[in-house]
$ cat structure_21.tsv   # TSV, C-alpha atoms
chain	number	residue	atom	x	y	z
A	1236	MET	CA	0.00	0.00	0.00
A	1237	THR	CA	1.23	3.49	-0.87
A	1238	VAL	CA	1.33	6.13	1.88
A	1239	ASP	CA	1.06	9.86	1.33
A	1240	ASN	CA	0.97	12.77	3.76
A	1241	PHE	CA	0.07	16.42	4.11
A	1242	PHE	CA	0.58	19.17	6.67
A	1243	GLN	CA	-1.77	21.13	8.90
A	1244	ALA	CA	-1.48	23.57	11.80
A	1245	ALA	CA	-3.64	24.17	14.85
A	1246	LYS	CA	-3.85	26.70	17.68
A	1247	ILE	CA	-3.71	25.65	21.32
A	1248	GLU	CA	-6.00	27.58	23.63
A	1249	GLY	CA	-4.47	29.17	26.72
A	1250	PHE	CA	-0.98	29.63	25.27
A	1251	GLN	CA	0.54	32.88	24.06
A	1252	SER	CA	2.18	33.44	20.69
A	1253	PRO	CA	4.54	32.18	19.41
A	1254	TYR	CA	4.05	29.06	21.54
A	1255	ASP	CA	0.37	28.51	20.74
A	1256	THR	CA	0.72	26.65	17.44
A	1257	ILE	CA	1.32	22.98	16.68
A	1258	HIS	CA	2.33	21.66	13.27
A	1259	LEU	CA	0.85	18.35	12.14
A	1260	LYS	CA	1.96	15.82	9.57
A	1261	ILE	CA	-0.90	13.52	8.58
A	1262	PHE	CA	-0.27	10.14	6.93
A	1263	TYR	CA	-2.94	8.20	5.06
A	1264	PRO	CA	-3.32	5.15	2.77
A	1265	ALA	CA	-3.06	6.36	-0.84
A	1266	GLN	CA	-3.71	4.85	-4.22
A	1267	MET	CA	-0.72	3.72	-6.21
A	1268	PRO	CA	0.10	6.75	-8.38
A	1269	SER	CA	-0.02	6.71	-12.13
A	1270	GLN	CA	2.53	8.65	-14.17
A	1271	VAL	CA	0.10	11.58	-14.30
A	1272	GLU	CA	-0.65	11.52	-10.55
A	1273	ILE	CA	3.02	11.59	-9.58
A	1274	ASN	CA	2.96	15.28	-10.45
A	1275	ARG	CA	-0.05	15.96	-8.22
A	1276	GLU	CA	0.49	17.69	-4.91
A	1277	ILE	CA	-1.33	14.96	-3.02
A	1278	LEU	CA	-2.39	11.44	-4.01
A	1279	PRO	CA	-5.98	10.17	-3.87
A	1280	VAL	CA	-7.03	8.08	-0.88
A	1281	ASP	CA	-7.10	4.29	-1.08
A	1282	LEU	CA	-10.66	3.55	0.06
A	1283	GLU	CA	-10.17	-0.20	0.59
A	1284	LYS	CA	-10.08	0.02	4.40
A	1285	ALA	CA	-12.12	3.18	4.92
A	1286	PRO	CA	-13.46	4.46	7.22
A	1287	PHE	CA	-10.03	4.71	8.83
A	1288	PRO	CA	-9.31	4.63	12.55
A	1289	VAL	CA	-7.00	7.49	13.53
A	1290	VAL	CA	-3.78	7.24	15.54
A	1291	ILE	CA	-2.57	10.39	17.31
A	1292	PHE	CA	1.08	9.95	18.33
A	1293	PHE	CA	2.76	11.98	21.08
A	1294	ASN	CA	6.54	12.36	20.78
A	1295	GLY	CA	8.98	12.33	23.67
A	1296	PHE	CA	10.49	15.55	24.99
A	1297	ASN	CA	12.80	17.13	22.39
A	1298	CYS	CA	12.15	14.28	19.98
A	1299	ASP	CA	11.20	15.61	16.57
A	1300	ALA	CA	8.10	14.01	15.04
A	1301	GLN	CA	10.23	13.03	12.05
A	1302	GLN	CA	11.89	10.40	14.25
A	1303	TYR	CA	8.60	8.49	14.35
A	1304	GLN	CA	7.75	8.78	10.66
A	1305	TRP	CA	8.82	5.18	10.10
A	1306	LEU	CA	6.05	4.04	12.50
A	1307	ALA	CA	3.46	6.36	10.96
A	1308	VAL	CA	4.21	4.88	7.53
A	1309	LYS	CA	3.98	1.29	8.83
A	1310	LEU	CA	0.61	1.96	10.47
A	1311	ALA	CA	-0.75	3.84	7.45
A	1312	GLU	CA	0.22	0.86	5.29
A	1313	ARG	CA	-2.15	-1.19	7.47
A	1314	GLY	CA	-5.05	1.14	6.75
A	1315	LEU	CA	-4.80	3.75	9.50
A	1316	VAL	CA	-4.59	7.52	9.40
A	1317	VAL	CA	-1.71	8.68	11.62
A	1318	ILE	CA	-1.07	12.14	13.02
A	1319	LEU	CA	2.38	13.24	14.16
A	1320	PHE	CA	2.94	16.75	15.47
A	1321	ASN	CA	5.61	19.13	16.69
A	1322	TRP	CA	4.96	21.69	19.39
A	1323	ILE	CA	7.66	24.06	20.59
A	1324	ALA	CA	6.63	25.62	23.89
A	1325	GLU	CA	7.93	26.94	27.18
A	1326	VAL	CA	7.56	23.76	29.20
A	1327	MET	CA	8.99	25.37	32.33
A	1328	PRO	CA	9.92	28.99	33.04
A	1329	GLY	CA	12.84	29.81	30.73
A	1330	ILE	CA	12.97	26.32	29.15
A	1331	ILE	CA	11.87	26.10	25.51
A	1332	SER	CA	11.42	22.56	24.25
A	1333	LEU	CA	9.74	20.24	21.80
A	1334	THR	CA	6.93	18.91	23.96
A	1335	PRO	CA	4.18	16.28	23.74
A	1336	GLY	CA	1.97	18.74	25.62
A	1337	ILE	CA	1.83	17.91	29.33
A	1338	ASP	CA	-0.09	20.04	31.79
A	1339	PHE	CA	2.01	19.37	34.87
A	1340	GLU	CA	-0.45	21.22	37.11
A	1341	LYS	CA	-3.06	18.61	36.25
A	1342	ARG	CA	-0.75	15.87	37.52
A	1343	LYS	CA	-0.66	17.20	41.07
A	1344	PRO	CA	-2.06	14.87	43.76
A	1345	THR	CA	-5.26	16.86	44.35
A	1346	ILE	CA	-6.09	17.18	40.63
A	1347	TYR	CA	-4.76	14.10	38.84
A	1348	ARG	CA	-7.45	11.91	37.18
A	1349	THR	CA	-10.13	14.61	37.61
A	1350	VAL	CA	-9.22	16.41	34.36
A	1351	PRO	CA	-7.13	15.60	31.27
A	1352	THR	CA	-3.37	16.24	31.38
A	1353	ALA	CA	-2.89	16.52	27.59
A	1354	SER	CA	-2.70	20.18	26.57
A	1355	ALA	CA	-2.70	19.53	22.82
A	1356	LEU	CA	-5.30	16.76	22.66
A	1357	PRO	CA	-8.47	18.91	22.46
A	1358	ALA	CA	-7.01	20.81	19.49
A	1359	LEU	CA	-5.89	17.56	17.84
A	1360	LEU	CA	-9.34	16.01	18.20
A	1361	ALA	CA	-10.90	19.16	16.80
A	1362	LYS	CA	-8.55	18.90	13.83
A	1363	VAL	CA	-9.63	15.29	13.25
A	1364	GLU	CA	-13.24	16.46	13.11
A	1365	GLN	CA	-12.24	19.16	10.63
A	1366	LEU	CA	-10.47	16.59	8.45
A	1367	GLN	CA	-13.66	14.53	8.48
A	1368	SER	CA	-15.68	17.46	7.17
A	1369	GLU	CA	-13.34	18.95	4.56
A	1370	GLY	CA	-10.34	18.05	2.44
A	1371	ILE	CA	-9.11	14.80	0.95
A	1372	LEU	CA	-10.06	12.69	4.00
A	1373	ALA	CA	-13.60	14.08	4.31
A	1374	GLY	CA	-16.06	11.36	5.27
A	1375	MET	CA	-13.36	8.71	5.44
A	1376	LEU	CA	-12.43	8.75	9.14
A	1377	ASP	CA	-13.88	6.69	11.96
A	1378	LEU	CA	-14.37	9.33	14.63
A	1379	GLN	CA	-15.28	6.73	17.25
A	1380	ARG	CA	-12.05	4.77	16.83
A	1381	ILE	CA	-9.22	7.13	17.72
A	1382	ILE	CA	-6.10	5.58	19.26
A	1383	LEU	CA	-3.57	7.49	21.36
A	1384	GLY	CA	0.05	6.40	21.20
A	1385	GLY	CA	3.40	7.80	22.21
A	1386	HIS	CA	6.98	7.49	23.36
A	1387	SER	CA	8.47	8.32	26.74
A	1388	ALA	CA	6.70	11.38	28.21
A	1389	GLY	CA	4.43	11.33	25.17
A	1390	GLY	CA	3.56	7.71	25.83
A	1391	ARG	CA	2.47	8.60	29.32
A	1392	VAL	CA	0.35	11.45	27.94
A	1393	ALA	CA	-1.29	8.94	25.60
A	1394	ILE	CA	-2.18	6.26	28.13
A	1395	GLU	CA	-3.27	8.54	30.98
A	1396	ASN	CA	-5.63	10.48	28.70
A	1397	ALA	CA	-7.21	7.45	27.01
A	1398	ASP	CA	-10.29	8.00	29.13
A	1399	PRO	CA	-13.78	7.87	27.57
A	1400	ASP	CA	-15.08	10.00	30.43
A	1401	PHE	CA	-12.89	12.82	29.08
A	1402	PHE	CA	-12.76	11.90	25.39
A	1403	PRO	CA	-15.49	9.42	24.36
A	1404	GLN	CA	-14.02	9.01	20.86
A	1405	ILE	CA	-10.84	7.34	22.17
A	1406	ALA	CA	-10.81	3.56	21.62
A	1407	GLY	CA	-7.41	2.47	22.98
A	1408	SER	CA	-3.82	3.49	23.68
A	1409	PHE	CA	-0.22	2.33	23.48
A	1410	GLY	CA	3.11	3.63	24.69
A	1411	TYR	CA	6.80	2.77	24.72
A	1412	GLY	CA	9.43	3.67	27.33
A	1413	LEU	CA	7.23	5.05	30.11
A	1414	HIS	CA	5.76	4.51	33.55
A	1415	THR	CA	3.31	6.41	35.75
A	1416	ALA	CA	5.35	7.04	38.90
A	1417	GLY	CA	4.55	10.30	40.67
A	1418	THR	CA	7.38	12.82	41.05
A	1419	LEU	CA	8.55	13.90	44.47
A	1420	LEU	CA	8.55	17.57	43.35
A	1421	GLN	CA	4.81	17.41	42.75
A	1422	GLY	CA	4.18	16.21	46.28
A	1423	TYR	CA	3.90	12.48	45.82
A	1424	GLU	CA	5.34	10.08	48.35
A	1425	ALA	CA	8.32	8.06	47.22
A	1426	ASP	CA	7.58	4.92	45.20
A	1427	THR	CA	4.06	6.02	44.19
A	1428	ILE	CA	2.58	4.59	40.99
A	1429	LEU	CA	-0.31	6.70	39.70
A	1430	PRO	CA	-3.47	5.03	38.41
A	1431	LEU	CA	-4.57	4.91	34.78
A	1432	PRO	CA	-8.12	5.13	33.36
A	1433	ASP	CA	-8.25	1.31	32.98
A	1434	SER	CA	-11.30	1.28	30.77
A	1435	LEU	CA	-9.88	0.76	27.26
A	1436	PRO	CA	-7.39	-1.59	25.55
A	1437	LEU	CA	-3.81	-0.75	26.52
A	1438	LEU	CA	-0.41	-1.80	25.16
A	1439	LEU	CA	2.52	-0.90	27.45
A	1440	MET	CA	6.03	-1.54	26.09
A	1441	GLY	CA	9.51	-1.14	27.53
A	1442	GLY	CA	13.10	-2.20	26.98
A	1443	THR	CA	15.48	-4.01	29.32
A	1444	ARG	CA	18.25	-1.52	28.42
A	1445	ASP	CA	16.27	1.67	29.06
A	1446	GLY	CA	18.88	3.89	30.68
A	1447	ILE	CA	16.58	6.91	30.84
A	1448	ILE	CA	14.19	5.09	33.16
A	1449	ALA	CA	16.99	3.43	35.12
A	1450	ASN	CA	18.88	6.71	35.64
A	1451	GLY	CA	15.80	8.80	36.41
A	1452	SER	CA	14.49	6.83	39.36
A	1453	ASP	CA	15.57	9.39	41.96
A	1454	ARG	CA	12.88	11.84	40.81
A	1455	TYR	CA	10.26	9.34	41.90
A	1456	GLY	CA	11.92	7.91	45.01
A	1457	ILE	CA	12.25	4.54	43.28
A	1458	SER	CA	15.27	2.33	43.86
A	1459	PRO	CA	17.77	3.24	41.14
A	1460	GLY	CA	19.27	1.10	38.44
A	1461	ASN	CA	16.39	-1.02	37.11
A	1462	ALA	CA	15.10	-0.25	33.63
A	1463	THR	CA	11.92	-2.28	33.82
A	1464	THR	CA	10.67	-2.25	37.42
A	1465	PRO	CA	8.67	1.02	37.11
A	1466	VAL	CA	7.18	-0.21	33.82
A	1467	ILE	CA	6.19	-3.56	35.32
A	1468	ARG	CA	4.75	-1.87	38.41
A	1469	THR	CA	2.70	0.46	36.22
A	1470	PHE	CA	1.12	-2.56	34.55
A	1471	GLN	CA	0.60	-4.33	37.86
A	1472	GLU	CA	-0.61	-1.40	39.98
A	1473	ALA	CA	-2.03	1.31	37.71
A	1474	ILE	CA	-4.72	-0.88	36.16
A	1475	THR	CA	-6.92	-3.73	37.34
A	1476	GLY	CA	-7.53	-5.24	33.92
A	1477	GLY	CA	-9.83	-8.21	33.75
A	1478	ARG	CA	-10.92	-7.73	30.15
A	1479	ASN	CA	-7.90	-9.49	28.62
A	1480	ASP	CA	-7.13	-6.44	26.46
A	1481	SER	CA	-4.22	-4.90	28.42
A	1482	TYR	CA	-0.66	-5.97	27.58
A	1483	LEU	CA	2.81	-5.52	29.02
A	1484	LEU	CA	5.63	-6.25	26.59
A	1485	LEU	CA	9.31	-6.09	27.54
A	1486	LEU	CA	11.88	-6.16	24.74
A	1487	GLU	CA	15.20	-7.85	25.43
A	1488	GLY	CA	18.11	-5.49	24.72
A	1489	ALA	CA	16.00	-2.49	23.66
A	1490	ASN	CA	16.83	0.91	25.09
A	1491	HIS	CA	14.79	4.08	25.56
A	1492	PHE	CA	15.26	5.23	21.97
A	1493	SER	CA	14.81	1.91	20.16
A	1494	ILE	CA	11.49	3.23	18.89
A	1495	VAL	CA	12.96	6.21	17.04
A	1496	ASP	CA	14.41	6.27	13.55
A	1497	ARG	CA	17.69	8.16	13.77
A	1498	LEU	CA	18.81	9.41	17.15
A	1499	ASP	CA	19.54	13.12	17.41
A	1500	SER	CA	23.22	13.13	18.34
A	1501	THR	CA	23.05	16.74	19.59
A	1502	LEU	CA	20.70	15.92	22.47
A	1503	LYS	CA	22.20	15.24	25.89
A	1504	THR	CA	19.36	12.95	27.03
A	1505	PRO	CA	20.54	9.92	25.00
A	1506	LEU	CA	23.85	10.09	26.89
A	1507	LEU	CA	21.98	8.68	29.88
A	1508	ASP	CA	20.65	5.74	27.88
A	1509	PHE	CA	22.22	2.29	27.80
A	1510	PRO	CA	23.40	0.81	24.50
A	1511	ALA	CA	20.88	-1.44	22.80
A	1512	THR	CA	22.10	-4.97	22.14
A	1513	GLN	CA	20.24	-5.50	18.86
A	1514	PRO	CA	19.97	-3.46	15.66
A	1515	GLN	CA	17.41	-0.64	15.66
A	1516	GLU	CA	15.63	-2.04	12.64
A	1517	SER	CA	14.94	-5.35	14.39
A	1518	PHE	CA	13.15	-3.64	17.25
A	1519	ARG	CA	11.26	-1.29	14.97
A	1520	LEU	CA	9.85	-4.12	12.87
A	1521	LEU	CA	8.67	-5.96	15.97
A	1522	ILE	CA	7.22	-2.83	17.62
A	1523	SER	CA	5.26	-1.82	14.54
A	1524	GLU	CA	3.90	-5.34	14.01
A	1525	ILE	CA	2.72	-5.66	17.62
A	1526	ILE	CA	1.11	-2.21	17.63
A	1527	SER	CA	-0.64	-2.96	14.34
A	1528	LEU	CA	-1.96	-6.32	15.53
A	1529	PHE	CA	-3.01	-4.81	18.88
A	1530	ILE	CA	-5.08	-2.16	17.06
A	1531	ASP	CA	-6.52	-4.66	14.59
A	1532	THR	CA	-7.47	-6.98	17.45
A	1533	HIS	CA	-8.93	-4.60	20.02
A	1534	VAL	CA	-10.05	-1.58	17.98
A	1535	ARG	CA	-10.96	-3.12	14.62
A	1536	HIS	CA	-12.01	-6.43	16.22
A	1537	GLN	CA	-10.47	-8.64	13.55
A	1538	PRO	CA	-10.34	-12.32	14.66
A	1539	GLU	CA	-7.43	-13.15	12.36
A	1540	ALA	CA	-5.38	-10.33	13.90
A	1541	SER	CA	-6.11	-11.69	17.37
A	1542	ARG	CA	-4.77	-15.08	16.36
A	1543	SER	CA	-1.67	-13.51	14.78
A	1544	LEU	CA	-1.00	-11.43	17.90
A	1545	GLU	CA	-1.27	-14.44	20.17
A	1546	GLN	CA	1.03	-16.45	17.94
A	1547	LEU	CA	3.60	-13.65	17.79
A	1548	LEU	CA	3.67	-13.15	21.55
A	1549	ASN	CA	3.72	-16.84	22.39
A	1550	THR	CA	6.39	-17.91	19.91
A	1551	ALA	CA	9.97	-17.94	21.17
A	1552	ASN	CA	11.60	-14.70	20.04
A	1553	PRO	CA	15.01	-13.51	21.28
A	1554	LEU	CA	13.76	-9.90	21.17
A	1555	ILE	CA	10.88	-10.56	23.57
A	1556	LYS	CA	11.93	-10.76	27.20
A	1557	SER	CA	8.41	-11.32	28.50
A	1558	PHE	CA	4.80	-10.34	28.08
A	1559	GLU	CA	1.74	-10.30	30.33
A	1560	ARG	CA	-1.92	-9.86	29.56
A	1561	LYS	CA	-4.87	-9.15	31.80
$ encode --input "structure_21.tsv" --output "structure tokens"
Amino acid sequence: MTVDNFFQAAKIEGFQSPYDTIHLKIFYPAQMPSQVEINREILPVDLEKAPFPVVIFFNGFNCDAQQYQWLAVKLAERGLVVILFNWIAEVMPGIISLTPGIDFEKRKPTIYRTVPTASALPALLAKVEQLQSEGILAGMLDLQRIILGGHSAGGRVAIENADPDFFPQIAGSFGYGLHTAGTLLQGYEADTILPLPDSLPLLLMGGTRDGIIANGSDRYGISPGNATTPVIRTFQEAITGGRNDSYLLLLEGANHFSIVDRLDSTLKTPLLDFPATQPQESFRLLISEIISLFIDTHVRHQPEASRSLEQLLNTANPLIKSFERK
């Protein structure tokens, strides 16, 4: 399947210029171009799998959306519309950063889980509705099957805002390289794991060589040095499960940035990461396949995808350390 894309922009309410604008790159299944269509600005939509569920992906801090284009293309090839975005904002006084859009005030102990924490999500959902009413994707989107996904801080934004009480159009979520421990600076007691909505399908992924998680434990009062303990505890303590649609997947030898395309060598954050023990491409192929099958199983409700997911997770694979389901 061919994949094409186009760009959009949206304003974020409550932020002052120039930090009130996000820039979106939207990927969609396209028809194989003819010689004439190659010269067109945008290719026609491949209607075979329409109406399309929509994936909104939240990047990690200072991770350009371009680093996740590989995943957007893989998902669009499976018949999904995928939205990546970049938002440059003042995340803390005097600190300008690429951000997934976290409202830290809404994560404080007295507020958390009473309101959404995703600053950009209302504008992104409004943009999805606009795309449904005008432009090349008009009438081709499934507005009741929107999936939130993300990496690192963006992954946490995705899974903690996948709450139908806040956003009834959300149908599931996934994230890589994250946990939901509460920070000491926000007033949480040490070793606190914050709860998740626990009402929709969830795919939580992590790597055994995640140096960012292992080296950041002091902010949460968690015993230092373990790359997977906070991820495992999030799965065990933040949700009850019981529907058999929540997954924990740990990848053997993957680090914090195994989900990105090309690592930005000018960032200091990757210096805290541990080296991955397997090639990036190997992890990316596995991650994209599992995410695709997870969505096809629990959002599109395809029985053949469910069987394929079970087979993939239960077959011996040196890249899979372990998985749980509840």
$ atom_distance --input "structure_21.tsv" --atom1 "atom CA of Ser1523 of chain A" --atom2 "atom CA of Gly1385 of chain A"
12.4 Å
$ residues_near_point --input "structure_21.tsv" --point "(-10.6, 5.5, 30.0)" --cutoff "12 Å" --atoms "all atoms listed in the file" --output "count of residues only"
32
$ residues_around --input "structure_21.tsv" --residues "Leu1544 of chain A" --least-positions-apart "6" --cutoff "8 Å" --atoms "only C-alpha atoms" --output "JSON list (two decimals) with C-alpha atoms, in the coordinates of the input"
[["chain", "number", "residue", "atom", "x", "y", "z"],
["A", 1525, "ILE", "CA", 2.72, -5.66, 17.62],
["A", 1528, "LEU", "CA", -1.96, -6.32, 15.53],
["A", 1529, "PHE", "CA", -3.01, -4.81, 18.88],
["A", 1532, "THR", "CA", -7.47, -6.98, 17.45]]
$ atom_distance --input "structure_21.tsv" --atom1 "atom CA of Ile1318 of chain A" --atom2 "atom CA of Leu1259 of chain A"
6.6 Å
$ closest_residue --input "structure_21.tsv" --among "A:Thr1464, A:Asn1297, A:Gln1546, A:Asn1479" --to "Pro1505 of chain A" --atoms "only C-alpha atoms"
A:Asn1297
$ residues_around --input "structure_21.tsv" --residues "Gly1249 of chain A" --least-positions-apart "4" --cutoff "10 Å" --atoms "only C-alpha atoms" --output "ChimeraX atom specification"
/A:1254-1255,1354
$ atom_distance --input "structure_21.tsv" --atom1 "atom CA of Gly1460 of chain A" --atom2 "atom CA of Phe1558 of chain A"
21.2 Å
$ closest_residue --input "structure_21.tsv" --among "A:Glu1559, A:Asp1499, A:Glu1340, A:Glu1487" --to "Gln1471 of chain A" --atoms "all atoms listed in the file"
A:Glu1559
$ decode --input "structure_21.tsv" --residues "segment 1469-1479 of chain A" --atoms "all heavy atoms" --output "PDB file, in the first residue's frame"
ATOM      1  N   THR A1469       3.810  -0.284  36.824  1.00  0.00           N
ATOM      2  CA  THR A1469       2.702   0.456  36.216  1.00  0.00           C
ATOM      3  C   THR A1469       1.643  -0.505  35.718  1.00  0.00           C
ATOM      4  O   THR A1469       0.444  -0.310  35.944  1.00  0.00           O
ATOM      5  CB  THR A1469       3.218   1.339  35.064  1.00  0.00           C
ATOM      6  OG1 THR A1469       4.092   2.339  35.597  1.00  0.00           O
ATOM      7  CG2 THR A1469       2.063   2.003  34.319  1.00  0.00           C
ATOM      8  N   PHE A1470       2.069  -1.568  35.046  1.00  0.00           N
ATOM      9  CA  PHE A1470       1.118  -2.556  34.546  1.00  0.00           C
ATOM     10  C   PHE A1470       0.422  -3.270  35.703  1.00  0.00           C
ATOM     11  O   PHE A1470      -0.785  -3.542  35.646  1.00  0.00           O
ATOM     12  CB  PHE A1470       1.826  -3.571  33.656  1.00  0.00           C
ATOM     13  CG  PHE A1470       0.916  -4.576  33.016  1.00  0.00           C
ATOM     14  CD1 PHE A1470       0.115  -4.223  31.936  1.00  0.00           C
ATOM     15  CD2 PHE A1470       0.853  -5.879  33.487  1.00  0.00           C
ATOM     16  CE1 PHE A1470      -0.734  -5.147  31.343  1.00  0.00           C
ATOM     17  CE2 PHE A1470       0.007  -6.806  32.899  1.00  0.00           C
ATOM     18  CZ  PHE A1470      -0.790  -6.442  31.823  1.00  0.00           C
ATOM     19  N   GLN A1471       1.160  -3.566  36.745  1.00  0.00           N
ATOM     20  CA  GLN A1471       0.599  -4.334  37.859  1.00  0.00           C
ATOM     21  C   GLN A1471      -0.298  -3.491  38.763  1.00  0.00           C
ATOM     22  O   GLN A1471      -1.314  -3.988  39.266  1.00  0.00           O
ATOM     23  CB  GLN A1471       1.733  -4.943  38.690  1.00  0.00           C
ATOM     24  CG  GLN A1471       2.518  -6.026  37.961  1.00  0.00           C
ATOM     25  CD  GLN A1471       3.707  -6.517  38.760  1.00  0.00           C
ATOM     26  OE1 GLN A1471       4.176  -5.846  39.692  1.00  0.00           O
ATOM     27  NE2 GLN A1471       4.214  -7.692  38.408  1.00  0.00           N
ATOM     28  N   GLU A1472       0.066  -2.203  38.972  1.00  0.00           N
ATOM     29  CA  GLU A1472      -0.608  -1.400  39.985  1.00  0.00           C
ATOM     30  C   GLU A1472      -1.523  -0.317  39.436  1.00  0.00           C
ATOM     31  O   GLU A1472      -2.478   0.094  40.117  1.00  0.00           O
ATOM     32  CB  GLU A1472       0.448  -0.745  40.890  1.00  0.00           C
ATOM     33  CG  GLU A1472       1.339  -1.737  41.611  1.00  0.00           C
ATOM     34  CD  GLU A1472       2.484  -1.066  42.361  1.00  0.00           C
ATOM     35  OE1 GLU A1472       2.272   0.080  42.848  1.00  0.00           O
ATOM     36  OE2 GLU A1472       3.570  -1.657  42.460  1.00  0.00           O
ATOM     37  N   ALA A1473      -1.258   0.175  38.221  1.00  0.00           N
ATOM     38  CA  ALA A1473      -2.030   1.314  37.710  1.00  0.00           C
ATOM     39  C   ALA A1473      -3.358   0.898  37.107  1.00  0.00           C
ATOM     40  O   ALA A1473      -4.255   1.722  36.933  1.00  0.00           O
ATOM     41  CB  ALA A1473      -1.211   2.085  36.681  1.00  0.00           C
ATOM     42  N   ILE A1474      -3.482  -0.382  36.743  1.00  0.00           N
ATOM     43  CA  ILE A1474      -4.720  -0.882  36.157  1.00  0.00           C
ATOM     44  C   ILE A1474      -5.110  -2.190  36.829  1.00  0.00           C
ATOM     45  O   ILE A1474      -4.263  -2.928  37.328  1.00  0.00           O
ATOM     46  CB  ILE A1474      -4.602  -1.091  34.628  1.00  0.00           C
ATOM     47  CG1 ILE A1474      -3.518  -2.136  34.316  1.00  0.00           C
ATOM     48  CG2 ILE A1474      -4.330   0.218  33.916  1.00  0.00           C
ATOM     49  CD1 ILE A1474      -3.449  -2.516  32.849  1.00  0.00           C
ATOM     50  N   THR A1475      -6.412  -2.462  36.815  1.00  0.00           N
ATOM     51  CA  THR A1475      -6.918  -3.729  37.338  1.00  0.00           C
ATOM     52  C   THR A1475      -7.011  -4.768  36.234  1.00  0.00           C
ATOM     53  O   THR A1475      -6.749  -5.947  36.448  1.00  0.00           O
ATOM     54  CB  THR A1475      -8.310  -3.526  37.974  1.00  0.00           C
ATOM     55  OG1 THR A1475      -8.194  -2.556  39.017  1.00  0.00           O
ATOM     56  CG2 THR A1475      -8.852  -4.833  38.534  1.00  0.00           C
ATOM     57  N   GLY A1476      -7.380  -4.306  35.032  1.00  0.00           N
ATOM     58  CA  GLY A1476      -7.533  -5.240  33.921  1.00  0.00           C
ATOM     59  C   GLY A1476      -8.799  -6.063  34.060  1.00  0.00           C
ATOM     60  O   GLY A1476      -9.827  -5.580  34.510  1.00  0.00           O
ATOM     61  N   GLY A1477      -8.693  -7.322  33.656  1.00  0.00           N
ATOM     62  CA  GLY A1477      -9.834  -8.215  33.755  1.00  0.00           C
ATOM     63  C   GLY A1477     -10.591  -8.398  32.454  1.00  0.00           C
ATOM     64  O   GLY A1477     -11.465  -9.264  32.365  1.00  0.00           O
ATOM     65  N   ARG A1478     -10.239  -7.594  31.436  1.00  0.00           N
ATOM     66  CA  ARG A1478     -10.925  -7.731  30.145  1.00  0.00           C
ATOM     67  C   ARG A1478     -10.065  -8.480  29.131  1.00  0.00           C
ATOM     68  O   ARG A1478     -10.476  -8.712  28.003  1.00  0.00           O
ATOM     69  CB  ARG A1478     -11.262  -6.349  29.588  1.00  0.00           C
ATOM     70  CG  ARG A1478     -12.177  -5.510  30.450  1.00  0.00           C
ATOM     71  CD  ARG A1478     -12.482  -4.169  29.774  1.00  0.00           C
ATOM     72  NE  ARG A1478     -11.248  -3.515  29.365  1.00  0.00           N
ATOM     73  CZ  ARG A1478     -10.538  -2.702  30.141  1.00  0.00           C
ATOM     74  NH1 ARG A1478     -10.949  -2.454  31.385  1.00  0.00           N
ATOM     75  NH2 ARG A1478      -9.425  -2.145  29.710  1.00  0.00           N
ATOM     76  N   ASN A1479      -8.831  -8.784  29.498  1.00  0.00           N
ATOM     77  CA  ASN A1479      -7.899  -9.491  28.618  1.00  0.00           C
ATOM     78  C   ASN A1479      -7.481  -8.647  27.417  1.00  0.00           C
ATOM     79  O   ASN A1479      -7.097  -9.180  26.381  1.00  0.00           O
ATOM     80  CB  ASN A1479      -8.495 -10.819  28.128  1.00  0.00           C
ATOM     81  CG  ASN A1479      -7.508 -11.965  28.305  1.00  0.00           C
ATOM     82  OD1 ASN A1479      -6.591 -11.891  29.119  1.00  0.00           O
ATOM     83  ND2 ASN A1479      -7.702 -13.033  27.551  1.00  0.00           N
TER      84      ASN A1479
END
